[in-house]
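Participant: To be precise about what I am sending: the file is called structure30.txt and holds compact mmCIF, C-alpha atoms.
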# COMPACT_ATOMS: atom_id res chain seq x y z
CA MET A 1 69.78 164.79 -25.63
CA VAL A 2 68.64 168.45 -25.42
CA SER A 3 65.09 167.06 -25.67
CA SER A 4 65.40 166.53 -21.90
CA ILE A 5 64.49 170.21 -21.57
CA LEU A 6 61.33 169.68 -23.59
CA SER A 7 59.96 166.43 -22.17
CA GLN A 8 60.25 164.05 -19.27
CA ASN A 9 60.85 160.33 -19.19
CA ILE A 10 58.13 158.02 -17.91
CA TYR A 11 59.31 155.75 -15.13
CA ALA A 12 57.78 152.58 -13.75
CA CYS A 13 59.12 151.82 -10.29
CA THR A 14 58.35 149.64 -7.27
CA VAL A 15 58.67 151.17 -3.79
CA ILE A 16 58.12 149.37 -0.47
CA SER A 17 58.13 150.21 3.23
CA CYS A 18 57.82 147.57 5.95
CA ALA A 19 58.29 147.17 9.70
CA ILE A 20 58.22 143.86 11.61
CA LYS A 21 59.53 143.00 15.09
CA GLY A 22 61.52 146.20 15.45
CA GLU A 23 63.16 146.01 12.02
CA VAL A 24 62.28 148.87 9.67
CA TYR A 25 63.11 148.90 5.96
CA ALA A 26 62.31 150.59 2.68
CA ALA A 27 63.20 149.16 -0.73
CA ALA A 28 62.84 150.22 -4.35
CA ASN A 29 63.49 149.33 -7.96
CA GLU A 30 64.19 152.42 -10.08
CA ASP A 31 63.13 151.77 -13.67
CA ASP A 32 63.87 153.92 -16.69
CA TYR A 33 64.73 154.05 -20.40
CA MET A 34 68.25 155.34 -19.78
CA GLY A 35 71.12 154.55 -17.45
CA PHE A 36 73.94 156.66 -16.05
CA ALA A 37 72.25 157.03 -12.64
CA ARG A 38 73.96 159.19 -10.03
CA ILE A 39 74.38 159.17 -6.28
CA TRP A 40 75.25 162.33 -4.35
CA PHE A 41 76.08 162.88 -0.69
CA ASN A 42 75.08 166.17 0.92
CA PRO A 43 76.62 166.89 4.33
CA ARG A 44 74.67 168.69 7.05
CA THR A 45 74.64 172.49 6.93
CA ALA A 46 73.27 175.11 9.31
CA GLU A 47 70.02 175.05 7.30
CA ARG A 48 69.70 171.40 6.25
CA TYR A 49 70.09 167.86 7.55
CA GLY A 50 72.62 165.71 5.74
CA SER A 51 71.31 163.35 3.07
CA VAL A 52 72.02 161.06 0.16
CA CYS A 53 70.11 161.30 -3.13
CA PHE A 54 69.74 159.02 -6.14
CA GLY A 55 68.68 160.06 -9.63
CA LEU A 56 69.50 160.47 -13.30
CA PRO A 57 71.91 163.00 -14.83
CA ASP A 58 69.39 165.85 -14.45
CA LEU A 59 70.04 165.45 -10.70
CA GLN A 60 66.42 165.49 -9.64
CA ALA A 61 66.28 163.21 -6.62
CA GLN A 62 64.22 160.15 -7.56
CA ALA A 63 64.88 158.68 -4.12
CA ALA A 64 66.61 159.95 -1.00
CA MET A 65 67.28 159.39 2.69
CA ASN A 66 68.49 161.89 5.27
CA GLU A 67 70.71 161.45 8.33
CA TYR A 68 67.65 160.78 10.50
CA ASP A 69 66.64 157.97 8.12
CA LEU A 70 63.63 159.75 6.65
CA PHE A 71 63.17 158.25 3.19
CA TYR A 72 61.14 159.04 0.09
CA ASP A 73 60.77 157.64 -3.41
CA PHE A 74 58.42 158.36 -6.32
CA THR A 75 56.47 156.41 -8.90
CA ALA A 76 55.07 157.89 -12.11
CA GLN A 77 51.31 158.33 -12.41
CA ASN A 78 48.76 159.68 -14.87
CA ILE A 79 47.30 161.97 -12.22
CA ASP A 80 46.67 165.58 -13.26
CA PRO A 81 47.19 167.80 -10.20
CA ALA A 82 45.28 170.64 -11.91
CA LYS A 83 41.94 168.89 -11.41
CA TYR A 84 42.45 169.27 -7.66
CA HIS A 85 42.95 173.03 -8.07
CA PRO A 86 46.17 173.47 -6.08
CA LYS A 87 46.58 177.02 -4.82
CA ASN A 88 49.43 177.15 -2.35
CA ILE A 89 52.25 175.55 -4.36
CA TYR A 90 55.80 175.31 -3.05
CA ASN A 91 58.12 177.31 -5.30
CA GLY A 92 60.95 174.84 -5.51
CA ASP A 93 61.81 171.19 -4.98
CA LEU A 94 59.26 170.38 -2.27
CA PHE A 95 60.54 166.98 -1.23
CA PHE A 96 64.18 167.98 -1.23
CA GLU A 97 63.13 170.67 1.23
CA ILE A 98 61.32 168.09 3.35
CA LEU A 99 64.46 165.94 3.28
CA GLY A 100 66.46 168.83 4.71
CA LYS A 101 64.01 169.90 7.40
CA CYS A 102 62.07 166.83 8.65
CA LYS A 103 63.05 163.80 10.74
CA THR A 104 59.84 161.75 10.67
CA VAL A 105 56.74 161.06 8.58
CA LYS A 106 54.74 163.05 11.14
CA GLU A 107 56.97 166.10 10.62
CA ALA A 108 56.76 165.68 6.84
CA LEU A 109 52.96 165.60 6.98
CA VAL A 110 52.93 168.77 9.09
CA PHE A 111 55.21 170.42 6.52
CA LEU A 112 52.90 169.30 3.72
CA GLU A 113 49.91 170.93 5.41
CA LYS A 114 51.38 174.26 4.31
CA TYR A 115 51.38 173.38 0.60
CA ASP A 116 49.10 171.77 -1.96
CA TYR A 117 50.56 168.66 -3.57
CA ALA A 118 50.96 169.76 -7.18
CA ILE A 119 53.09 166.89 -8.51
CA SER A 120 51.89 164.35 -11.08
CA SER A 121 53.85 161.50 -9.47
CA GLN A 122 53.06 159.54 -6.32
CA VAL A 123 55.44 159.44 -3.36
CA LEU A 124 56.05 157.03 -0.50
CA ILE A 125 57.60 158.55 2.64
CA ALA A 126 58.89 156.32 5.44
CA ASP A 127 60.81 156.83 8.69
CA ALA A 128 62.87 154.92 11.26
CA LEU A 129 59.86 154.63 13.58
CA GLY A 130 58.12 152.31 11.11
CA ASN A 131 55.65 154.89 9.82
CA SER A 132 54.94 155.48 6.16
CA VAL A 133 52.47 157.27 3.93
CA ILE A 134 51.70 157.28 0.20
CA ILE A 135 50.65 160.63 -1.25
CA ASN A 136 49.47 161.91 -4.61
CA ALA A 137 47.56 165.03 -5.66
CA GLY A 138 44.21 163.59 -4.57
CA THR A 139 45.05 161.02 -1.88
CA LYS A 140 46.98 160.64 1.34
CA LEU A 141 47.09 157.03 2.57
CA ILE A 142 48.82 156.37 5.90
CA LYS A 143 50.17 152.86 6.47
CA SER A 144 47.88 150.82 8.72
CA GLY A 145 49.51 147.37 8.59
CA HIS A 146 53.13 146.34 8.62
CA TYR A 147 53.87 147.35 5.01
CA GLN A 148 52.98 149.65 2.13
CA ILE A 149 53.66 149.34 -1.60
CA ASN A 150 53.79 152.13 -4.18
CA THR A 151 53.76 151.17 -7.86
CA ASN A 152 52.31 152.84 -10.95
CA PHE A 153 48.64 153.18 -10.16
CA ASP A 154 46.70 155.70 -8.10
CA ILE A 155 46.83 154.29 -4.58
CA SER A 156 43.21 155.40 -4.01
CA ASN A 157 42.19 152.54 -6.34
CA LEU A 158 43.60 149.95 -3.96
CA LYS A 159 40.47 149.86 -1.82
CA THR A 160 38.26 148.92 -4.79
CA LYS A 161 40.96 146.75 -6.39
CA ASN A 162 40.54 148.84 -9.52
CA TYR A 163 44.13 148.48 -10.65
CA SER A 164 46.34 146.18 -12.69
CA CYS A 165 49.97 145.84 -11.64
CA ARG A 166 51.78 142.53 -11.29
CA ARG A 167 54.68 144.20 -9.52
CA TYR A 168 52.30 145.30 -6.78
CA ASP A 169 50.71 141.86 -6.53
CA ILE A 170 54.06 140.04 -6.34
CA SER A 171 55.29 142.39 -3.61
CA ASP A 172 52.00 142.14 -1.72
CA GLU A 173 52.01 138.34 -1.78
CA ALA A 174 55.51 138.21 -0.28
CA LEU A 175 54.97 140.90 2.34
CA LYS A 176 51.57 139.88 3.68
CA ASN A 177 52.91 136.53 4.92
CA ALA A 178 56.28 137.81 6.14
CA LYS A 179 57.20 137.01 9.75
CA THR A 180 60.62 138.69 9.61
CA ILE A 181 62.29 141.10 7.22
CA ASN A 182 65.92 141.55 6.23
CA VAL A 183 68.06 142.46 3.23
CA PRO A 184 67.92 139.01 1.54
CA PHE A 185 64.12 138.92 1.84
CA LEU A 186 63.70 142.36 0.26
CA ARG A 187 66.37 141.63 -2.35
CA ASP A 188 64.24 138.69 -3.51
CA ILE A 189 61.18 140.91 -3.86
CA LEU A 190 63.16 143.44 -5.89
CA ASN A 191 64.58 140.64 -8.01
CA HIS A 192 61.10 139.30 -8.74
CA THR A 193 59.70 142.73 -9.61
CA ARG A 194 62.60 144.03 -11.73
CA GLN A 195 62.05 144.96 -15.35
CA GLU A 196 64.19 144.30 -18.42
CA GLY A 197 64.12 145.58 -21.99
CA LYS A 198 63.83 149.19 -23.16
CA LEU A 199 62.25 150.07 -19.82
CA SER A 200 64.64 148.46 -17.38
CA THR A 201 65.50 148.45 -13.69
CA ILE A 202 68.55 150.74 -13.51
CA TYR A 203 69.31 150.30 -9.83
CA SER A 204 67.71 148.75 -6.75
CA ASN A 205 68.11 149.99 -3.17
CA ILE A 206 67.33 148.54 0.25
CA TYR A 207 67.29 151.01 3.15
CA ASP A 208 67.75 149.85 6.74
CA LEU A 209 65.91 152.75 8.36
CA LYS A 210 66.90 151.79 11.91
CA HIS A 211 70.63 151.82 11.26
CA GLY A 212 71.16 154.17 8.30
CA ILE A 213 72.55 151.46 6.01
CA ILE A 214 71.73 151.35 2.29
CA THR A 215 72.38 148.31 0.10
CA ILE A 216 72.53 149.11 -3.62
CA TYR A 217 72.35 146.77 -6.64
CA HIS A 218 73.04 147.92 -10.18
CA PHE A 219 71.09 146.96 -13.29
CA HIS A 220 69.39 143.92 -11.71
CA ASP A 221 72.69 142.33 -10.70
CA PHE A 222 71.79 141.10 -7.21
CA GLU A 223 75.09 139.29 -6.67
CA HIS A 224 77.24 142.39 -6.13
CA PRO A 225 75.91 144.79 -3.45
CA TYR A 226 77.40 148.18 -2.71
CA ILE A 227 76.77 149.08 0.94
CA ILE A 228 76.59 152.62 2.32
CA ASP A 229 76.80 153.60 5.97
CA LEU A 230 75.24 157.02 5.53
CA LYS A 231 76.68 158.79 8.56
CA LYS A 232 80.21 157.65 7.68
CA GLU A 233 79.81 158.70 4.06
CA LEU A 234 78.44 162.13 4.98
CA ALA A 235 81.50 162.68 7.18
CA ARG A 236 83.63 162.43 4.02
CA GLY A 237 81.98 165.52 2.52
CA TYR A 238 80.00 166.28 -0.63
CA ARG A 239 80.42 163.83 -3.51
CA LEU A 240 78.67 163.21 -6.81
CA GLU A 241 79.29 159.81 -8.38
CA LYS A 242 77.94 157.41 -10.98
CA ILE A 243 76.34 154.41 -9.35
CA SER A 244 77.81 152.13 -12.02
CA ASP A 245 81.34 153.05 -10.91
CA HIS A 246 80.82 150.97 -7.77
CA PHE A 247 80.08 147.74 -9.66
CA PRO A 248 81.81 145.26 -11.97
CA THR A 249 81.57 145.95 -15.69
CA SER A 250 78.38 144.51 -17.17
CA PHE A 251 77.98 143.75 -20.86
CA ALA A 252 74.19 143.92 -20.52
CA TYR A 253 74.39 147.40 -18.99
CA GLU A 254 76.86 148.58 -21.63
CA GLN A 255 74.52 147.47 -24.40
CA PHE A 256 71.54 149.09 -22.70
CA SER A 257 73.44 152.34 -22.20
CA MET A 258 74.48 152.50 -25.85
CA SER A 259 70.86 152.53 -27.06
CA ASP A 260 71.10 156.34 -26.92
CA ARG A 261 74.39 156.79 -28.75
CA ALA A 262 74.71 160.53 -28.20
CA MET A 263 74.02 160.25 -24.48
CA TYR A 264 76.51 157.40 -24.25
CA ARG A 265 79.19 159.55 -25.92
CA LYS A 266 78.45 162.40 -23.53
CA GLU A 267 78.98 160.09 -20.58
CA MET A 268 82.20 158.75 -22.07
CA ILE A 269 83.55 162.32 -22.34
CA LEU A 270 82.61 162.91 -18.71
CA ASP A 271 84.51 159.73 -17.80
CA GLU A 272 87.52 161.07 -19.70
CA ILE A 273 87.28 164.30 -17.72
CA ASN A 274 87.39 162.33 -14.47
CA LYS A 275 90.39 160.35 -15.69
CA ASN A 276 92.45 162.93 -17.59
CA GLY A 277 91.29 166.23 -16.15
CA LEU A 278 88.71 168.80 -17.23
CA GLN A 279 90.76 171.22 -19.30
CA PRO A 280 92.94 168.68 -21.17
CA THR A 281 89.84 166.69 -22.19
CA LEU A 282 87.93 169.78 -23.25
CA ASN A 283 90.90 171.13 -25.22
CA HIS A 284 91.25 167.79 -27.00
CA TYR A 285 87.66 167.67 -28.26
CA LEU A 286 87.45 171.35 -29.21
CA ASP A 287 90.79 171.28 -31.02
CA VAL A 288 90.02 168.05 -32.89
CA ASN A 289 86.66 169.36 -34.06
CA LYS A 290 88.06 172.72 -35.14
CA VAL A 291 90.64 171.20 -37.49
CA ALA A 292 88.70 168.16 -38.68
CA VAL A 293 88.38 167.99 -42.48
CA LYS A 294 85.18 166.00 -42.16
CA LYS A 295 83.09 167.16 -39.25
CA ASP A 296 81.61 164.64 -36.84
CA SER A 297 77.88 165.19 -37.36
CA THR A 298 76.99 164.58 -33.71
CA ILE A 299 79.92 166.03 -31.79
CA ASN A 300 78.35 169.48 -31.43
CA SER A 301 75.23 168.08 -29.78
CA VAL A 302 77.38 165.86 -27.56
CA LEU A 303 79.56 168.80 -26.52
CA LEU A 304 76.46 170.85 -25.78
CA GLU A 305 75.18 168.14 -23.47
CA VAL A 306 78.57 167.96 -21.78
CA GLY A 307 78.40 171.69 -21.14
CA ILE A 308 74.89 171.44 -19.70
CA GLN A 309 75.92 168.54 -17.48
CA LEU A 310 78.91 170.50 -16.17
CA ILE A 311 76.54 173.26 -15.04
CA LYS A 312 74.15 170.79 -13.42
CA ASP A 313 76.99 169.11 -11.56
CA SER A 314 78.48 172.42 -10.50
CA TYR A 315 75.16 173.81 -9.27
CA ASN A 316 74.37 170.61 -7.41
CA GLN A 317 77.49 171.05 -5.32
CA HIS A 318 76.83 174.79 -4.87
CA ALA A 319 73.29 174.00 -3.63
CA ASN A 320 74.43 171.15 -1.36
CA GLY A 321 72.58 168.55 -3.40
CA GLY A 322 69.78 170.69 -4.81
CA ILE A 323 68.70 170.70 -8.44
CA TRP A 324 69.58 173.45 -10.89
CA GLU A 325 66.31 175.33 -10.44
CA TYR A 326 66.99 177.71 -13.31
CA TRP A 327 66.97 174.77 -15.76
CA PHE A 328 63.46 173.86 -14.63
CA ALA A 329 62.34 177.54 -14.60
CA MET A 330 61.57 177.38 -10.87
CA PRO A 331 61.26 180.78 -9.13
CA GLY A 332 64.38 180.17 -7.06
CA GLY A 333 66.38 179.78 -10.25
CA PHE A 334 65.97 183.44 -11.17
CA LYS A 335 67.66 184.95 -8.17
CA ILE A 336 70.99 186.49 -9.10
CA GLU A 337 73.74 184.56 -7.37
CA GLY A 338 77.40 184.10 -8.04
CA PHE A 339 79.87 181.29 -7.50
CA ASN A 340 83.05 180.12 -9.13
CA ASP A 341 83.74 176.63 -10.37
CA LYS A 342 86.09 175.41 -13.09
CA ARG A 343 83.18 173.43 -14.55
CA LEU A 344 81.31 176.68 -15.24
CA LYS A 345 84.32 178.11 -17.05
CA ALA A 346 84.60 174.94 -19.15
CA ALA A 347 80.88 175.03 -19.98
CA GLY A 348 81.30 178.65 -21.08
CA GLU A 349 84.13 177.65 -23.42
CA ILE A 350 81.93 174.99 -24.99
CA PHE A 351 79.06 177.43 -25.51
CA ASP A 352 81.38 180.10 -26.96
CA TYR A 353 82.72 177.55 -29.44
CA LEU A 354 79.25 176.31 -30.43
CA SER A 355 77.88 179.83 -30.86
CA THR A 356 80.32 180.36 -33.75
CA GLU A 357 79.76 176.99 -35.41
CA LYS A 358 78.02 176.89 -38.78
CA GLY A 359 75.10 174.60 -39.45
CA ILE A 360 73.38 175.00 -36.07
CA ASP A 361 69.77 176.09 -36.48
CA THR A 362 68.65 179.42 -35.06
CA LYS A 363 66.55 178.06 -32.19
CA LEU A 364 69.35 175.86 -30.94
CA LYS A 365 71.88 178.69 -31.29
CA ASN A 366 69.65 181.04 -29.27
CA PHE A 367 69.37 178.33 -26.63
CA ILE A 368 73.18 178.20 -26.53
CA PHE A 369 73.33 181.98 -26.09
CA GLU A 370 70.85 181.73 -23.20
CA LEU A 371 72.99 179.13 -21.43
CA SER A 372 76.10 181.20 -22.07
CA ALA A 373 74.33 184.21 -20.56
CA TYR A 374 73.61 182.22 -17.39
CA VAL A 375 77.21 181.01 -17.09
CA ASN A 376 78.53 184.57 -17.49
CA LEU A 377 76.02 185.89 -14.97
CA VAL A 378 76.92 183.52 -12.14
CA GLN A 379 80.61 184.17 -12.80
CA GLY A 380 80.07 187.90 -12.37
CA ASP A 381 79.95 189.28 -15.93
CA GLN A 382 76.52 190.95 -16.01
CA ASN A 383 77.25 192.95 -19.16
CA LYS A 384 77.95 189.88 -21.25
CA ALA A 385 75.00 188.11 -19.62
CA LYS A 386 72.70 190.96 -20.70
CA GLU A 387 74.09 190.87 -24.24
CA TYR A 388 73.55 187.13 -24.61
CA TYR A 389 70.13 187.15 -22.95
CA GLY A 390 69.18 189.91 -25.39
CA ILE A 391 70.13 187.70 -28.34
CA ALA A 392 68.26 184.70 -26.88
CA ALA A 393 65.10 186.75 -26.30
CA SER A 394 65.14 188.80 -29.49
CA ASN A 395 62.43 186.83 -31.32
CA SER A 396 60.08 184.24 -29.82
CA ALA A 397 59.66 182.58 -33.21
CA ASP A 398 63.39 181.84 -33.27
CA ALA A 399 63.59 180.32 -29.80
CA TRP A 400 62.33 177.40 -27.76
CA PRO A 401 59.57 178.66 -25.43
CA ILE A 402 61.21 177.73 -22.11
CA SER A 403 64.54 179.19 -23.19
CA PHE A 404 62.93 182.37 -24.54
CA ASN A 405 60.88 182.85 -21.36
CA ARG A 406 63.89 182.33 -19.10
CA ALA A 407 65.89 184.88 -21.09
CA LYS A 408 63.05 187.46 -20.98
CA LYS A 409 62.65 187.01 -17.24
CA MET A 410 66.36 187.43 -16.58
CA LEU A 411 66.49 190.57 -18.75
CA ALA A 412 63.69 192.05 -16.64
CA ILE A 413 65.67 191.31 -13.47
CA LEU A 414 69.08 192.55 -14.63
Could you render the structure as structure tokens?

Facilitator:
Amino acid sequence: MVSSILSQNIYACTVISCAIKGEVYAAANEDDYMGFARIWFNPRTAERYGSVCFGLPDLQAQAAMNEYDLFYDFTAQNIDPAKYHPKNIYNGDLFFEILGKCKTVKEALVFLEKYDYAISSQVLIADALGNSVIINAGTKLIKSGHYQINTNFDISNLKTKNYSCRRYDISDEALKNAKTINVPFLRDILNHTRQEGKLSTIYSNIYDLKHGIITIYHFHDFEHPYIIDLKKELARGYRLEKISDHFPTSFAYEQFSMSDRAMYRKEMILDEINKNGLQPTLNHYLDVNKVAVKKDSTINSVLLEVGIQLIKDSYNQHANGGIWEYWFAMPGGFKIEGFNDKRLKAAGEIFDYLSTEKGIDTKLKNFIFELSAYVNLVQGDQNKAKEYYGIAASNSADAWPISFNRAKKMLAIL
């Protein structure tokens, strides 16, 4: 749950780009230890191209495509960017910025000339012209044949064959002999490279980069596609949705999702909010917990995660699809900005309730005060924000480092 602020999941994904006889596609399996994947549509603004993003509840874009059919997707690596001594690092979400400003791989590469690649993962970028490139902190490999594959090894090892990845080999065997490409062909590759178990394929996407059509499959169910015409969807405005809501109920997915019971309960409360309304649902859980004779031992942590998710969702809409930079302690997250959203008010109610609860350890309570300070700040109450930031930053020994440092930095700004 809150450990998501302290560590990151390790993913193992398969990403493909290919172009044959005028057809241009990208495809990917997104693998993880948790479900609840999201999709969010971000209409064009004066500053950014329209786009669609896919990711987990933290709303970092794992994969994305913009209205000009520029696509990217990541795979996890054990590459330490520090050994390449990056100096000019982009202070924000680099690839979300590329998504908003670039139309082609060529334009993306020009953009990347301004900044050192300081990301531990490896990205594949592809465009509607049939170009693609795989990039990590030490390597930039431009596609030379009709396809490229990005899995979980440093792509620089491909030349020497110093790698071991069956997902790569299976994809390579299918693609090297391909005479034509289409959705069924790529669906079969994704089917044959999917993963099951604790680390499982959460969703699979096929991108028609010539026509802006995305075919989505959920939790390795390749019988029920959900098809997106991106330009039509962007015309409907901003939306943030669960991918699973577009598919039939799956027992296998339900069982997988319940492996993290607290996260599952958080998501069920969010579903109740969508069904019954934000305030009625929130009132129900706060009122029940206040009067309960025997306290639910996990409800406080679940409510805390609900509050955090409400901020992430709210900020995502405010930033037209961008991540909550403050949560990740990015420089852009420390600018003082204000916006109103009923989800922020509800998150503040949750934090106010939890800050008075007994039995919560000091570090967690100071973390709650820090979040409450942020919510008050963006809603315009700087005095209360200062008070709560002061509590959160009063003693480093009684706080989580990232929370303490954020609070100290905000106090210096206010």

Participant: So, counting all atoms listed in the file, which residue among A:Ile391, A:Leu190, A:Val52, A:Ile134 is closest to Ile202 in chain A?

Facilitator: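 Closest to Ile202 in chain A of all the choices is A:Leu190.
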
Participant: Which residues are close to range 262-273 of chain A, i.e. within 10 Å by only C-alpha atoms, leaving aside same-chain residues fewer than 5 positions away? Reply as a ChimeraX atom specification.

Facilitator: /A:1-2,34-36,57,242,254,256-257,278-282,285,298-299,301-307,309-310

Participant: Could you tell me how far CA of Leu234 in chain A sits from CA of Gln148 in chain A, in Å to one decimal place?

Facilitator: 28.5 Å

Participant: Can you find the residues with an atom no farther than 8 Å from (49.8, 157.7, -7.3), counting all atoms listed in the file, and report them as a ChimeraX atom specification?

Facilitator: /A:75-79,120-123,134-137,139,150-156

Participant: At most 12 Å is the cut-off: for each residue in range 51-126 of chain A with any atom that close to an atom of range 315-318 of chain A, write down the nearest atom pair and the distance in Å rounded to one decimal, counting only C-alpha atoms, chain first then increasing number, as JSON lines.

Facilitator:
{"residue": "A:Cys53", "atom": "CA", "partner": "A:Asn316", "partner_atom": "CA", "distance": 11.1}
{"residue": "A:Pro57", "atom": "CA", "partner": "A:Asn316", "partner_atom": "CA", "distance": 10.9}
{"residue": "A:Asp58", "atom": "CA", "partner": "A:Asn316", "partner_atom": "CA", "distance": 9.8}
{"residue": "A:Leu59", "atom": "CA", "partner": "A:Asn316", "partner_atom": "CA", "distance": 7.5}
{"residue": "A:Gln60", "atom": "CA", "partner": "A:Asn316", "partner_atom": "CA", "distance": 9.7}
{"residue": "A:Ala61", "atom": "CA", "partner": "A:Asn316", "partner_atom": "CA", "distance": 11.0}

Participant: Please enclose the listed atoms of range 42-51 of chain A in an axis-aligned box, pad each side by 8 Å, and write out the centre and the three edge lengths in Å, rounded to one decimal, as AutoDock Vina command-line options.

Facilitator:
--center_x 73.2 --center_y 169.2 --center_z 5.1 --size_x 22.9 --size_y 27.8 --size_z 24.4

Participant: Counting only C-alpha atoms, I want the residues whose atoms come within 6 Å of (67.3, 149.4, -2.6) in the file frame, returned as a ChimeraX atom specification.

Facilitator: /A:27-28,204-207,215-216

Participant: Work out how far CA of Gly332 in chain A is from CA of Ile311 in chain A, in Å to one decimal.

Facilitator: 16.1 Å

Participant: Which residues are near range 98-101 of chain A? Cut-off 8 Å, only C-alpha atoms, ignore same chain within fewer than 4 positions. Put them as an MDAnalysis selection string.

Facilitator: chainID A and resid 47:51 64:66 70:71 94 108 111

Participant: Please determine, counting all atoms listed in the file, which residue among A:Ser372, A:Asn366, A:Tyr388, A:Ile149 has the shortest atom-to-atom distance to Phe404 in chain A.

Facilitator: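 Closest candidate: A:Asn366.
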
Participant: Measuring atom to atom with all atoms listed in the file, identify which of A:Phe222, A:Phe251, A:Trp40, A:Phe334 is nearest to Asp313 in chain A.

Facilitator: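 Going through A:Phe222, A:Phe251, A:Trp40, A:Phe334 one by one, the smallest distance to Asp313 in chain A is for A:Trp40.
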
Participant: Which of these, A:Asp381, A:Asp361, A:Glu23, A:Asp260, has the shortest distance to Thr180 in chain A once you count all atoms listed in the file?

Facilitator: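 With all atoms listed in the file as the atom set, the closest residue is A:Glu23.
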
Participant: Work out how far CA of Glu107 in chain A is from CA of Ala329 in chain A, in Å to one decimal.

Facilitator: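 Interatomic distance, CA of Ala329 in chain A to CA of Glu107 in chain A: 28.2 Å.
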
Participant: Report as number ranges by chain all protein, DNA and RNA residues lying within 12 Å of Lys384 in chain A, evaluated on only C-alpha atoms, omitting residues in the same chain fewer than 5 positions from it.

Facilitator: A: 348, 352, 369-379, 389-391, 411, 414

Participant: Could you check the closest approach to Val133 in chain A for each of A:Asn177, A:Thr104, A:Ser244, A:Thr356 and tell me which residue wins, using all atoms listed in the file?

Facilitator: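 Among A:Asn177, A:Thr104, A:Ser244, A:Thr356, it is A:Thr104 that comes nearest to Val133 in chain A.
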
Participant: Looking at A:Leu230, A:Tyr217, A:Lys161, A:Asn29, which one is nearest to Pro248 in chain A, with distances taken over all atoms listed in the file?

Facilitator: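 Between A:Leu230, A:Tyr217, A:Lys161, A:Asn29, the residue approaching Pro248 in chain A most closely is A:Tyr217.
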
Participant: Would you kindly return, as number ranges by chain, each protein, DNA or RNA residue with an atom no farther than 10 Å from any atom of Asn182 in chain A, considering all atoms listed in the file and excluding same-chain residues fewer than 5 positions away?

Facilitator: A: 20, 23-25, 187, 206, 208

Participant: Kindly export the residues of the current selection with C-alpha atoms, as a JSON list (two decimals), keeping the file's coordinate frame.

Facilitator:
[["chain", "number", "residue", "atom", "x", "y", "z"],
["A", 20, "ILE", "CA", 58.22, 143.86, 11.61],
["A", 23, "GLU", "CA", 63.16, 146.01, 12.02],
["A", 24, "VAL", "CA", 62.28, 148.87, 9.67],
["A", 25, "TYR", "CA", 63.11, 148.90, 5.96],
["A", 187, "ARG", "CA", 66.37, 141.63, -2.35],
["A", 206, "ILE", "CA", 67.33, 148.54, 0.25],
["A", 208, "ASP", "CA", 67.75, 149.85, 6.74]]

Participant: Write out as a PyMOL selection string the residues lying within 12 Å of Leu109 in chain A, counting all atoms listed in the file and excluding same-chain residues fewer than 3 positions away.

Facilitator: chain A and resi 95+98+101-106+112-117+124-127+131-135+140-142
